[in-house]
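J.: Compact mmCIF, C-alpha atoms, saved as target-v5.txt, coming up:
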# COMPACT_ATOMS: atom_id res chain seq x y z
CA MET C 14 -32.47 122.88 27.71
CA SER C 15 -31.01 120.33 30.14
CA ALA C 16 -28.10 119.48 27.82
CA ALA C 17 -27.38 123.17 27.22
CA TYR C 18 -27.27 123.92 30.93
CA LEU C 19 -24.99 120.94 31.59
CA ARG C 20 -22.63 122.12 28.86
CA TYR C 21 -22.66 125.64 30.34
CA GLU C 22 -21.91 124.31 33.82
CA LEU C 23 -19.01 122.16 32.61
CA LEU C 24 -17.48 124.97 30.54
CA ARG C 25 -17.81 127.45 33.38
CA THR C 26 -16.01 125.09 35.75
CA LEU C 27 -13.20 124.28 33.33
CA ARG C 28 -12.63 127.96 32.60
CA ASN C 29 -12.15 128.77 36.29
CA ARG C 30 -8.37 128.54 36.39
CA ARG C 31 -8.08 129.20 40.11
CA PHE C 32 -10.51 126.41 40.90
CA LEU C 33 -8.72 124.01 38.56
CA PHE C 34 -5.35 124.82 40.11
CA LEU C 35 -6.58 124.25 43.65
CA SER C 36 -8.53 121.11 42.75
CA LEU C 37 -5.76 119.47 40.75
CA GLY C 38 -2.56 121.10 41.95
CA PHE C 39 -3.09 120.94 45.70
CA PRO C 40 -3.47 117.12 45.97
CA LEU C 41 -0.65 116.61 43.45
CA VAL C 42 1.82 118.74 45.41
CA PHE C 43 0.88 116.95 48.64
CA TYR C 44 1.37 113.60 46.96
CA LEU C 45 4.79 114.46 45.61
CA LEU C 46 5.87 115.69 49.04
CA VAL C 47 4.69 112.75 51.16
CA ALA C 48 5.17 109.92 48.67
CA GLY C 49 8.48 111.22 47.40
CA SER C 50 10.03 111.13 50.86
CA SER C 51 8.97 107.48 51.43
CA ARG C 52 9.23 106.15 47.91
CA GLY C 53 11.13 103.02 48.94
CA VAL C 54 8.66 101.89 51.64
CA ARG C 55 7.01 98.69 50.42
CA ASP C 56 4.62 98.02 53.37
CA LEU C 57 3.44 101.25 54.93
CA GLY C 58 2.20 100.76 58.50
CA ASP C 59 1.48 97.05 57.90
CA SER C 60 -1.18 98.05 55.38
CA GLY C 61 0.22 95.71 52.73
CA LEU C 62 0.55 98.69 50.38
CA SER C 63 3.67 100.48 49.25
CA ALA C 64 3.93 104.11 50.31
CA PRO C 65 3.49 105.51 46.77
CA LEU C 66 0.37 103.35 46.26
CA TYR C 67 -1.11 104.09 49.69
CA TYR C 68 -0.64 107.84 49.43
CA MET C 69 -1.82 107.86 45.83
CA VAL C 70 -5.14 106.32 46.84
CA GLY C 71 -5.35 108.52 49.94
CA LEU C 72 -4.75 111.73 48.00
CA VAL C 73 -7.14 110.57 45.27
CA SER C 74 -9.84 110.27 47.90
CA PHE C 75 -8.88 113.68 49.34
CA GLY C 76 -8.90 115.39 45.94
CA ALA C 77 -12.05 113.66 44.77
CA MET C 78 -13.88 114.56 47.99
CA SER C 79 -12.83 118.18 47.55
CA ALA C 80 -13.98 118.19 43.93
CA MET C 81 -17.37 116.75 44.82
CA LEU C 82 -17.98 119.00 47.81
CA SER C 83 -16.93 122.10 45.84
CA SER C 84 -20.37 122.03 44.23
CA GLY C 85 -21.62 123.34 47.58
CA ALA C 86 -19.55 126.51 47.20
CA ARG C 87 -20.88 127.11 43.68
CA ILE C 88 -24.47 126.56 44.81
CA ALA C 89 -24.07 128.96 47.75
CA ALA C 90 -22.62 131.61 45.44
CA GLU C 91 -25.48 131.17 42.98
CA ARG C 92 -28.03 131.50 45.76
CA GLN C 93 -26.46 134.74 46.93
CA ALA C 94 -26.36 136.13 43.37
CA GLY C 95 -30.03 135.27 42.81
CA TRP C 96 -29.29 132.69 40.14
CA HIS C 97 -32.00 130.41 41.53
CA ARG C 98 -34.58 133.08 40.73
CA GLN C 99 -33.47 133.01 37.12
CA ILE C 100 -33.59 129.20 37.03
CA ARG C 101 -37.14 129.19 38.38
CA VAL C 102 -38.50 131.21 35.45
CA THR C 103 -36.91 128.90 32.86
CA PRO C 104 -38.20 125.49 31.72
CA LEU C 105 -35.10 123.84 33.23
CA PRO C 106 -36.28 120.93 35.44
CA PRO C 107 -34.90 120.91 39.01
CA ARG C 108 -33.47 117.44 38.45
CA ALA C 109 -31.49 118.72 35.46
CA TYR C 110 -30.00 121.47 37.65
CA LEU C 111 -28.95 118.97 40.32
CA ARG C 112 -27.71 116.50 37.72
CA ALA C 113 -25.44 119.17 36.24
CA LYS C 114 -23.90 119.84 39.67
CA VAL C 115 -23.27 116.15 40.30
CA LEU C 116 -21.80 115.49 36.85
CA THR C 117 -19.56 118.54 37.13
CA GLY C 118 -18.27 117.22 40.45
CA TYR C 119 -17.61 113.84 38.89
CA LEU C 120 -15.73 115.45 36.00
CA MET C 121 -13.43 117.24 38.43
CA ALA C 122 -13.02 114.05 40.47
CA LEU C 123 -11.99 112.13 37.34
CA LEU C 124 -9.47 114.80 36.40
CA THR C 125 -8.02 114.65 39.91
CA MET C 126 -7.77 110.87 39.70
CA ALA C 127 -6.06 111.02 36.30
CA VAL C 128 -3.44 113.49 37.55
CA LEU C 129 -2.68 111.49 40.70
CA PHE C 130 -2.69 108.15 38.90
CA ALA C 131 -0.12 109.57 36.47
CA ALA C 132 1.96 110.83 39.41
CA GLY C 133 1.67 107.41 41.08
CA ALA C 134 2.88 105.68 37.93
CA ALA C 135 5.83 108.07 37.84
CA MET C 136 6.57 107.05 41.45
CA GLY C 137 6.70 103.39 40.49
CA VAL C 138 3.10 102.29 41.07
CA SER C 139 2.46 99.50 38.57
CA LEU C 140 -0.87 97.66 38.34
CA PRO C 141 -2.66 95.61 35.69
CA ALA C 142 -5.12 97.61 33.61
CA GLY C 143 -8.04 95.75 35.18
CA ARG C 144 -6.95 96.78 38.66
CA TRP C 145 -6.78 100.46 37.66
CA LEU C 146 -10.30 100.26 36.24
CA GLU C 147 -11.68 98.35 39.21
CA MET C 148 -10.15 100.77 41.69
CA THR C 149 -11.43 103.78 39.73
CA GLY C 150 -14.94 102.34 39.55
CA LEU C 151 -15.06 101.71 43.29
CA LEU C 152 -13.76 105.20 44.01
CA LEU C 153 -16.50 106.69 41.82
CA VAL C 154 -19.15 104.69 43.69
CA GLY C 155 -17.67 105.90 46.96
CA LEU C 156 -18.19 109.53 45.90
CA VAL C 157 -21.99 109.25 45.83
CA PRO C 158 -22.57 110.40 49.44
CA PHE C 159 -20.16 113.31 48.95
CA ALA C 160 -22.11 114.48 45.91
CA ALA C 161 -25.22 114.65 48.10
CA LEU C 162 -23.32 116.33 50.93
CA GLY C 163 -22.06 119.08 48.64
CA ILE C 164 -25.58 119.89 47.47
CA LEU C 165 -26.86 119.81 51.04
CA LEU C 166 -24.24 122.24 52.34
CA GLY C 167 -24.69 124.53 49.37
CA HIS C 168 -28.38 124.96 50.16
CA LEU C 169 -27.91 125.30 53.91
CA LEU C 170 -24.91 127.61 54.26
CA SER C 171 -24.07 131.12 53.13
CA VAL C 172 -21.11 131.98 50.91
CA GLU C 173 -19.17 133.16 53.97
CA ALA C 174 -19.79 129.94 55.89
CA VAL C 175 -19.55 127.33 53.16
CA GLY C 176 -15.82 127.80 52.48
CA PRO C 177 -14.62 127.13 56.05
CA ALA C 178 -17.17 124.33 56.43
CA LEU C 179 -15.98 122.56 53.28
CA GLY C 180 -12.30 123.05 54.03
CA GLY C 181 -12.59 121.90 57.62
CA GLY C 182 -14.96 119.08 56.72
CA VAL C 183 -12.68 117.63 54.04
CA ALA C 184 -9.64 117.86 56.34
CA LEU C 185 -11.48 116.09 59.19
CA LEU C 186 -12.92 113.38 56.94
CA ALA C 187 -9.51 112.81 55.36
CA PHE C 188 -7.86 112.48 58.77
CA LEU C 189 -10.47 110.09 60.16
CA GLY C 190 -10.59 108.16 56.91
CA GLY C 191 -6.90 107.31 56.89
CA THR C 192 -5.73 109.54 54.05
CA TRP C 193 -2.47 110.47 55.75
CA PHE C 194 -1.68 107.25 57.63
CA PRO C 195 -3.08 103.71 57.91
CA ILE C 196 -5.82 103.31 60.52
CA SER C 197 -4.99 100.56 63.01
CA ASP C 198 -7.35 97.58 63.32
CA HIS C 199 -8.36 98.48 66.87
CA GLY C 200 -9.05 101.52 69.02
CA LEU C 201 -11.42 104.48 68.91
CA LEU C 202 -10.07 105.87 65.64
CA HIS C 203 -10.72 102.55 63.93
CA VAL C 204 -14.30 102.38 65.25
CA VAL C 205 -15.08 105.96 64.23
CA GLY C 206 -13.36 105.63 60.86
CA GLN C 207 -15.37 102.57 59.84
CA LEU C 208 -18.56 104.55 60.28
CA LEU C 209 -17.50 107.23 57.79
CA PRO C 210 -17.67 107.16 53.98
CA SER C 211 -14.18 108.69 53.74
CA TYR C 212 -12.68 105.59 55.38
CA TRP C 213 -14.20 103.28 52.78
CA LEU C 214 -13.23 105.62 49.99
CA VAL C 215 -9.59 105.22 51.02
CA GLN C 216 -10.07 101.47 51.39
CA ALA C 217 -11.00 101.27 47.72
CA GLY C 218 -7.27 101.18 47.07
CA HIS C 219 -7.14 97.66 48.48
CA VAL C 220 -8.52 96.51 45.16
CA ALA C 221 -4.95 96.90 43.95
CA LEU C 222 -4.00 93.92 46.12
CA GLY C 223 -6.45 91.65 44.36
CA GLY C 224 -8.89 91.37 47.26
CA ALA C 225 -12.32 92.82 47.96
CA ALA C 226 -11.91 96.40 49.13
CA TRP C 227 -15.31 96.54 50.84
CA GLY C 228 -17.05 93.85 52.80
CA ALA C 229 -20.72 93.92 53.75
CA HIS C 230 -19.99 96.50 56.45
CA GLY C 231 -18.41 98.90 53.98
CA TRP C 232 -21.23 98.63 51.45
CA LEU C 233 -23.80 99.13 54.21
CA VAL C 234 -22.06 102.25 55.55
CA MET C 235 -21.83 103.77 52.07
CA ALA C 236 -25.44 102.92 51.25
CA VAL C 237 -26.78 104.43 54.48
CA TRP C 238 -24.79 107.64 54.06
CA SER C 239 -25.86 107.93 50.41
CA VAL C 240 -29.57 107.49 51.20
CA VAL C 241 -29.61 109.78 54.25
CA LEU C 242 -27.56 112.57 52.68
CA GLY C 243 -29.46 112.24 49.41
CA ARG C 244 -32.80 112.75 51.11
CA LEU C 245 -31.50 115.65 53.19
CA ALA C 246 -30.06 117.29 50.08
CA MET C 247 -33.38 116.99 48.22
CA ALA C 248 -35.27 118.38 51.22
CA ALA C 249 -32.87 121.33 51.50
CA PHE C 250 -33.11 122.00 47.76
CA ARG C 251 -36.93 121.96 47.77
CA ARG C 252 -37.17 124.18 50.83
CA ASP C 253 -34.64 126.62 49.42
CA THR C 254 -36.21 126.89 45.98
CA ALA C 255 -39.72 127.09 47.45
CA ARG C 256 -38.73 130.34 49.15
CA VAL C 257 -37.42 131.88 45.91
Is it possible to express this structure as structure tokens?
T.:
Amino acid sequence: MSAAYLRYELLRTLRNRRFLFLSLGFPLVFYLLVAGSSRGVRDLGDSGLSAPLYYMVGLVSFGAMSAMLSSGARIAAERQAGWHRQIRVTPLPPRAYLRAKVLTGYLMALLTMAVLFAAGAAMGVSLPAGRWLEMTGLLLVGLVPFAALGILLGHLLSVEAVGPALGGGVALLAFLGGTWFPISDHGLLHVVGQLLPSYWLVQAGHVALGGAAWGAHGWLVMAVWSVVLGRLAMAAFRRDTARV
């Protein structure tokens, strides 16, 4: 039952052409626009990263965040359509339902990464295979709190509210996380950014330089956000399904 539902969820997502276009095409177009105009910049904003590499990692974080949080929109739509009532009368375990949402988000995140990595390579980004794998692994770890946040918002917000909340939330997190420009090492923006998971998601690109992308502070921030949002998501899910 669990495997069948997961397969259904994955197929339904992949068959949604509009969703695929927005999830994959939007970050790609942005990347080609911003990275293409600064292709020759080798040290963007004293970050130590070339412009194509910096924007590739930034747009990967943007696209992956969007893919993960989009589960909230699907959950809100299912709640409105009464799908939860149908789930409750089946032998499908609640954990299998949540697992399917998370894995679907990760599938879309991986597709987004693959598209942007290919675009980065076309822009001249060249890294050893180990660096690509290490960067990808750290990015996937960094998506854990966003998986929980998507589930949380899906069970708290209506269909009408979840779209603007997700769109505005991703834009704000991307801005504060340094997706569009390097965050300086001092000032209010730096202090606020280091408290957010989106900042450390972007910093995962520093693996490409051969150094540690996250210090103890980064791992602590990601762990705290993952635990807090995970518990809130479970609480919202249980409260929501208890009312069905």
J.: Which residue out of C:Phe130, C:Tyr110, C:Phe250, C:Phe75 has the minimum interatomic distance to Tyr212 (chain C) when all atoms listed in the file are used?
T.: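 Distance minimum relative to Tyr212 (chain C) lands on C:Phe75.
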J.: Using all atoms listed in the file for the distances, tell me which of C:Trp238, C:Trp213, C:Trp193, C:Phe32 is nearest to Gly71 (chain C).
T.: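 That would be C:Trp193, the residue with the smallest distance to Gly71 (chain C).
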J.: Which one of C:Pro65, C:Gly228, C:Gly206, C:Gly218 sits closest to Ala132 (chain C) if you count all atoms listed in the file?
T.: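 With all atoms listed in the file as the atom set, the closest residue is C:Pro65.
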J.: Under the rule that only C-alpha atoms are counted, which of C:Gly191, C:Gly49, C:Gly95, C:Gly76 is the nearest residue to Ala135 (chain C)?
T.: C:Gly49
J.: Separation of CA of Met121 (chain C) and CA of Ala16 (chain C), in Å?
T.: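 Answer for the CA of Met121 (chain C) to CA of Ala16 (chain C) separation: 18.2 Å.
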J.: Determine, counting only C-alpha atoms, which protein, DNA and RNA residues have an atom within 12 Å of an atom of Thr26 (chain C); residues of the same chain fewer than 2 positions away are not included. Present the result as a list in words.
T.: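 Skipping anything fewer than 2 positions along the chain leaves Leu19, Arg20, Tyr21, Glu22, Leu23, Leu24, Arg28, Asn29, Arg30, Arg31, Phe32, Leu33, Phe34, Ser36, Ala80, Ser83, Ser84, Arg87, Ala113, Lys114, Leu116, Thr117, Gly118, Tyr119, Leu120 and Met121 of chain C.
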J.: Got time to write the residues from that selection, C-alpha atoms, as a PDB file, keeping the file's coordinate frame?
T.:
ATOM      1  CA  LEU C  19     -24.990 120.940  31.590  1.00  0.00           C
ATOM      2  CA  ARG C  20     -22.630 122.120  28.860  1.00  0.00           C
ATOM      3  CA  TYR C  21     -22.660 125.640  30.340  1.00  0.00           C
ATOM      4  CA  GLU C  22     -21.910 124.310  33.820  1.00  0.00           C
ATOM      5  CA  LEU C  23     -19.010 122.160  32.610  1.00  0.00           C
ATOM      6  CA  LEU C  24     -17.480 124.970  30.540  1.00  0.00           C
ATOM      7  CA  ARG C  28     -12.630 127.960  32.600  1.00  0.00           C
ATOM      8  CA  ASN C  29     -12.150 128.770  36.290  1.00  0.00           C
ATOM      9  CA  ARG C  30      -8.370 128.540  36.390  1.00  0.00           C
ATOM     10  CA  ARG C  31      -8.080 129.200  40.110  1.00  0.00           C
ATOM     11  CA  PHE C  32     -10.510 126.410  40.900  1.00  0.00           C
ATOM     12  CA  LEU C  33      -8.720 124.010  38.560  1.00  0.00           C
ATOM     13  CA  PHE C  34      -5.350 124.820  40.110  1.00  0.00           C
ATOM     14  CA  SER C  36      -8.530 121.110  42.750  1.00  0.00           C
ATOM     15  CA  ALA C  80     -13.980 118.190  43.930  1.00  0.00           C
ATOM     16  CA  SER C  83     -16.930 122.100  45.840  1.00  0.00           C
ATOM     17  CA  SER C  84     -20.370 122.030  44.230  1.00  0.00           C
ATOM     18  CA  ARG C  87     -20.880 127.110  43.680  1.00  0.00           C
ATOM     19  CA  ALA C 113     -25.440 119.170  36.240  1.00  0.00           C
ATOM     20  CA  LYS C 114     -23.900 119.840  39.670  1.00  0.00           C
ATOM     21  CA  LEU C 116     -21.800 115.490  36.850  1.00  0.00           C
ATOM     22  CA  THR C 117     -19.560 118.540  37.130  1.00  0.00           C
ATOM     23  CA  GLY C 118     -18.270 117.220  40.450  1.00  0.00           C
ATOM     24  CA  TYR C 119     -17.610 113.840  38.890  1.00  0.00           C
ATOM     25  CA  LEU C 120     -15.730 115.450  36.000  1.00  0.00           C
ATOM     26  CA  MET C 121     -13.430 117.240  38.430  1.00  0.00           C
TER      27      MET C 121
END
J.: Which neighbours of Leu41 (chain C) fall inside 9 Å, counting only C-alpha atoms, when residues of the same chain fewer than 3 positions from it are skipped, and could you give them as a list in words?
T.: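 The residues satisfying every condition are Leu37, Gly38, Tyr44, Leu45, Leu46, Leu72, Gly76, Thr125, Val128, Leu129 and Ala132 of chain C.
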J.: Which of these, C:Val237, C:Leu166, C:Ala131, C:Ala248, has the shortest distance to Ala178 (chain C) once you count all atoms listed in the file?
T.: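 Residue with the minimum atom-to-atom distance to Ala178 (chain C): C:Leu166.
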J.: Here is a test: counting all atoms listed in the file, which residue of C:Ser63, C:Ser239, C:Gln207, C:Ser50 is nearest to Trp227 (chain C)?
T.: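 Closest residue, counting all atoms listed in the file: C:Gln207.
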